[in-house]
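Down below is the structure, laid out as structure tokens.
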Amino acid sequence: MNTARSNPINTVMMHGALILYTVIALFPVFVILINSFKERRSIFREPLALPDSESFSTIGYETVMKQGDFVLYFQNSMIVTVASLFFILLFGAMAAYALSEYRFRGNMLMGLYLALGIMIPIRIGTVAILEMMVATGLVNTLWALILVYTAQGLPLAVFILSEFMRQISDDLKNAGRIDGLSEYTIFFRLVLPLVRPAMATVAVFNMIPIWNDLWFPLILAPAEETKTLTLGSQVFIGQFVTDWNAVLSALSMAILPVLVLYVIFSRQLIRGLTSGAVK
Amino acid sequence: MTALLLNSVNKSFGEVHVLKDISLEVMEGEFVVFVGPSGCGKSTLLRVIAGLEDATSGEIRIGGTLVNTTPPSKRGIAMVFQSYALYPHLNVRGNMTLALKQEGQPKSVIEDRVQKASRMLDLGPYLDRYPSELSGGQRQRVAIGRAIVREPKLFLFDEPLSNLDAALRMNTRIEIAALHRQLGASMIYVTHDQTEAMTLADKIVVLRDGRVEQIGSPMELYNNPANQFVAGFLGSPSMNFFPGDLLTDGDTRTVGIRPEDLFLADDGPLAVRVSHVEQLGGDTNIIGHAGNHQITARLFGQHAVSPGADLRLGFQPDRTYSFDATGARLA
């Protein structure tokens, strides 16, 4: 071990910096969480105080549960996020494999074209997307959201995954070909497990914006039965009165599923790094 | 019976012509080594035979059948890769049986062949381990086992020893030779290491720039090289080349002589200034210069020669080779 790392002063400073950063990063979440368990007056009087016997209240959660169909919103958000991630990873990985594995005319151009999407925000095309969804009758369906999010996530997925797939040894794929595996089997059984860390990265990158998005649910699927959690929480924010208890409670609950998904993906990240590959 | 027949095989990647008009025959049970410097096309040739690359033109026949358009898995071949290329998510047994399962072989046959192969390669204790839990040498044995269980018409080895350390390399080399005797199968082996080529081959194919330079048994190639390239490529240390007028004025030929054919002689025709001496115990390699030309002499036994000394070296005239300006051998 080098001296810089074993020096106690350095260790303390290093951990100090990391702890400081963690505190800063988690502070807003912490404030949301404690205030969601307080009654309305205490939220404004002492926003940083922990809930005590006097200020403790679950009124926010009760409102959320009573008003609107939160279980449904939850379910919608979950379906949209998971389905979008599934399609992003599936199609992104397949496109990336084709680009990195097969020599064909226009390979390079195709790669650039697919990567171009990273630089162009999909929201610029909102009007066109809405017209398209109206024309295809997909407005107010979850499919509208899933399709848009898949399109939004693909460029980065293709870009990252094709870089990783280029690094997988040709010998392994050729061994599969000689053993009589089909190209699909090679892709699913040999290549995908080896790029799992990259897939987890792509999934994490895409998950948060999709889960938190307000724009497209508002425009493409504002109906009651297709509302997502973020959109659903907006009923408590009014032009004149905002039910802060309910908003904070809704947000607190919205954190949980992403947290679970994140834990799942980050485990993949670590496992991917330690699994023995070719050499 | 021929195991493999190549008939004017050409391969181009776009503008780059990698294999040029290669014709060659491998008999049943023969051990053929493709050898050449890196970039000479030997691995590409192996890939064309395996079907991992398509030949641009020419015929490839394995066991008499034209296989130009046959996919790799149907060619009756098995290949061992330099990087082992084991499936990381399967254990040793899984790695060895995958191809057989894919072919739809009955379970009893699969089990039988795995047992036979693991006995041959001492893989018994490792059958349930994963590749990441094996050492380099064990992985290479698994890769070879994976090839054996398929009972192919033709084995293809792509530099299988390059990733092993020197001691292991020698052991594995001996194992491969023993395996060849045991199985009696036709094998094609690609290497850039001329020692591997000399020790393993029944027949060596020397390649350079995508062309076959010479085909023959190791001793044929060693004793009777067709040109300066083959002469310089085989043998270690490699053959000395110097212009003929170092010995006789006005001689325009290039003279070649193997280091082991040189000996110390006070009245020898070659005057050499020693620049470096390698004492190997059994042999002594003397590296010196005659004019601008480096001369290596390999003397048997131990000799006390120090750098900077002036020596005279002699040789039997019938042990020399002569080449013209293009490198072709002169009689």
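For the structure tokens, the naming scheme is as follows: chains receive sequential letters (A, B, ...) according to their order of presentation, residues are indexed from 1 within each chain, and ligands are indexed from 1 in presentation order.
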Can you tell me which residues surround segment 76-80 of chain A at a distance of at most 9 Å, considering only C-alpha atoms, apart from same-chain residues fewer than 3 positions away, and format the answer as a VMD selection string? chain A and resid 71 to 73 83 to 85 142 to 143 145 to 146 149 210 to 211 225 to 230 257
Hey, list the chain A side of the contact with chain B: 12 Å cut-off, only C-alpha atoms, answer as number ranges by chain. A: 102-105, 168-183, 185-186, 188-194, 272, 274-279
Just want the 9 Å neighbourhood of Ala250 of chain A, counted on only C-alpha atoms, with same-chain residues fewer than 4 positions away dropped. Output as a PyMOL selection string. chain A and resi 36+60-61+64+70+229-230+232-233+245-246+254-255
Create the file for the chosen residues now, containing N, CA and C atoms and written as a JSON list (two decimals), in the first residue's frame.
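What ended up in out_22.json:
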```json
[["chain", "number", "residue", "atom", "x", "y", "z"],
["A", 36, "SER", "N", -42.10, 15.25, 5.65],
["A", 36, "SER", "CA", -43.30, 14.52, 5.24],
["A", 36, "SER", "C", -44.01, 13.93, 6.45],
["A", 60, "GLY", "N", -50.10, 13.86, 5.67],
["A", 60, "GLY", "CA", -49.69, 13.90, 4.26],
["A", 60, "GLY", "C", -49.93, 12.57, 3.60],
["A", 61, "TYR", "N", -49.46, 11.49, 4.23],
["A", 61, "TYR", "CA", -49.61, 10.16, 3.65],
["A", 61, "TYR", "C", -51.08, 9.78, 3.53],
["A", 64, "VAL", "N", -52.53, 11.55, 0.57],
["A", 64, "VAL", "CA", -52.06, 10.93, -0.67],
["A", 64, "VAL", "C", -52.83, 9.64, -0.94],
["A", 70, "PHE", "N", -53.29, 6.48, -5.94],
["A", 70, "PHE", "CA", -51.83, 6.47, -5.96],
["A", 70, "PHE", "C", -51.20, 5.14, -6.30],
["A", 229, "LEU", "N", -46.52, 8.79, -11.41],
["A", 229, "LEU", "CA", -46.41, 9.28, -10.05],
["A", 229, "LEU", "C", -46.08, 10.78, -10.00],
["A", 230, "THR", "N", -45.13, 11.19, -10.83],
["A", 230, "THR", "CA", -44.73, 12.59, -10.83],
["A", 230, "THR", "C", -45.91, 13.48, -11.21],
["A", 232, "GLY", "N", -49.06, 12.62, -11.01],
["A", 232, "GLY", "CA", -50.08, 12.46, -9.98],
["A", 232, "GLY", "C", -49.85, 13.38, -8.79],
["A", 233, "SER", "N", -48.57, 13.58, -8.44],
["A", 233, "SER", "CA", -48.24, 14.43, -7.30],
["A", 233, "SER", "C", -48.62, 15.87, -7.55],
["A", 245, "ASN", "N", -47.89, 18.87, 2.79],
["A", 245, "ASN", "CA", -47.81, 17.56, 3.43],
["A", 245, "ASN", "C", -47.93, 16.46, 2.40],
["A", 246, "ALA", "N", -48.92, 16.61, 1.54],
["A", 246, "ALA", "CA", -49.17, 15.57, 0.55],
["A", 246, "ALA", "C", -48.04, 15.50, -0.47],
["A", 254, "ALA", "N", -42.10, 8.20, -3.69],
["A", 254, "ALA", "CA", -41.60, 8.03, -5.05],
["A", 254, "ALA", "C", -40.12, 7.65, -5.06],
["A", 255, "ILE", "N", -39.43, 7.99, -3.98],
["A", 255, "ILE", "CA", -37.99, 7.68, -3.94],
["A", 255, "ILE", "C", -37.76, 6.17, -3.84]]
```
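Among the residues of segment 36-112 of chain B, backbone DSSP assigns alpha helix (DSSP H) to Lys42, Ser43, Thr44, Leu45, Leu46, Arg47, Val48, Ile49, Ala50, Val92, Arg93, Gly94, Asn95, Met96, Thr97, Leu98, Ala99, Leu100, Lys101, Gln102, Glu103, Lys107, Ser108, Val109, Ile110, Glu111 and Asp112 of chain B.
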Near Glu46 of chain A, counting only C-alpha atoms, which residues have an atom at most 12 Å away, once you skip same-chain residues fewer than 6 positions from it, shown as a ChimeraX atom specification? /A:31,34-35,38-40,52,55
Among the residues B:Gly39, B:Pro307, B:Gly137, B:Gly124, the one that comes closest to Met170 of chain B [using only C-alpha atoms]: B:Gly137
